[in-house]
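This report concerns only the one structure given below.
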Amino acid sequence: DSVDDQVCCCIRSVNGATPHWGCSEDYVKEISAELQARKVGRGFATQLRKQEGTVSQALELDAWTDILLSRFDVNYAPAQARTITLDSHFAPTLSSESAASERGCNIAKSMELLETETWNVTGCCGRMCCHARTLEVNDEEAVIMLEGLLLQKKVREPFAHMRSVEKSKACCGVCVNLETDSAVISPGCGCSPDLVDEIAEELQYRKSVRGRVAQIKQQERLISQIIKLGIKWDLLALK
């Protein structure tokens with residue numbers, strides 16, 4: 001699920017493995033890059049993008065089908081659409097040539113890459129040990145980077161495998177932390193509630209659009225579109 005790099009006192013490792021006794025920087029980097037490339041190329045995010053592509057093609061075909069219905073004066077009743085809709089997001093489509101362009105804009109928007117954002121989340125222990133801790137979120141995963149004099153570590157957590165994002169309090173409710181499946185984030189020694197809220201909101205959003213919930217929604221959207229297309233083409237065949 002994750003490709004984690006670490007450098008401790010010049011000993012380099014990736015996912016706990018230390019090839020060549022951890023003394024070959026180039027070799028470890030090569031393994032890390034290859035694992036990351038294979039994870040991205042064969043992972044959950046890639047499958048989700050393929051689903052998005054299939055849904056976009058179904059939506060485009062549905063838009064052009066609406067144009068055919070309009071040209072042949074075939075009525076696709078809203079009642080029919082309500083009986084098969086699996087997601088309230090899908091109402092009966094527009095029967096006009098502008099539908100294709102409007103649908104295309106929505107498709108492009110839904111498939112946009114999420115921007116990369118970065119926060120300094122160094123806590124009390126990090127400051128005392130002269131370590132800097134950074135959280136970076138990109139289109140596919142959250143990356144926590146720890147940098148210090150003797151230790152450098154990078155932990156990746158894909159949004160597809162992120163089950164929980166929970167805020168917690170410590171020290172009689174004074175300190176505010178953020179907990180995920182693989183990390184506890186406590187920026188500003190727990191005294192930055194606004195930053196914790198911002199990070200929590202961003203992680204929840206990215207988890208919802210790049211996680212398993214997003215895959216289920218895509219499947220529902222695709223099934224809905226296929227059923228609707230079947231009904232519309234049956235109506236055209238009977239014309």
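Order determines the names: the first chain of the structure tokens is A, the second B, and so forth; residues in each chain are numbered 1 upward, and ligands are numbered 1 upward as they are shown.
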So that I can see what lies close to A:Cys8, please list as an NGL selection string the residues with an atom at most 7 Å from it, counting only C-alpha atoms and leaving out residues fewer than 5 positions away in the same chain. :A and (150-152)
Go through A:Ser70, A:Ser186, A:Ser2, A:Thr18 one by one, measure the shortest atom-to-atom distance of each to A:Val40 using only C-alpha atoms, and give the residue with the smallest value.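 The answer is A:Ser2, which sits nearest to A:Val40.
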DSSP on the backbone: what in stretch 146-207 of chain A comes out helix (DSSP H, G or I), as number ranges by chain? A: 159-161, 187-190, 193-207
Of the candidates A:Val121, A:Val213, A:Glu60, A:Leu236, which shows the shortest atom-to-atom distance to A:Pro193, using only C-alpha atoms?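 Nearest to A:Pro193: A:Val121.
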Residue nearest A:Ala33 - candidates A:Glu202, A:Ile227, A:Leu238, A:Val3, atoms counted: only C-alpha atoms: A:Val3
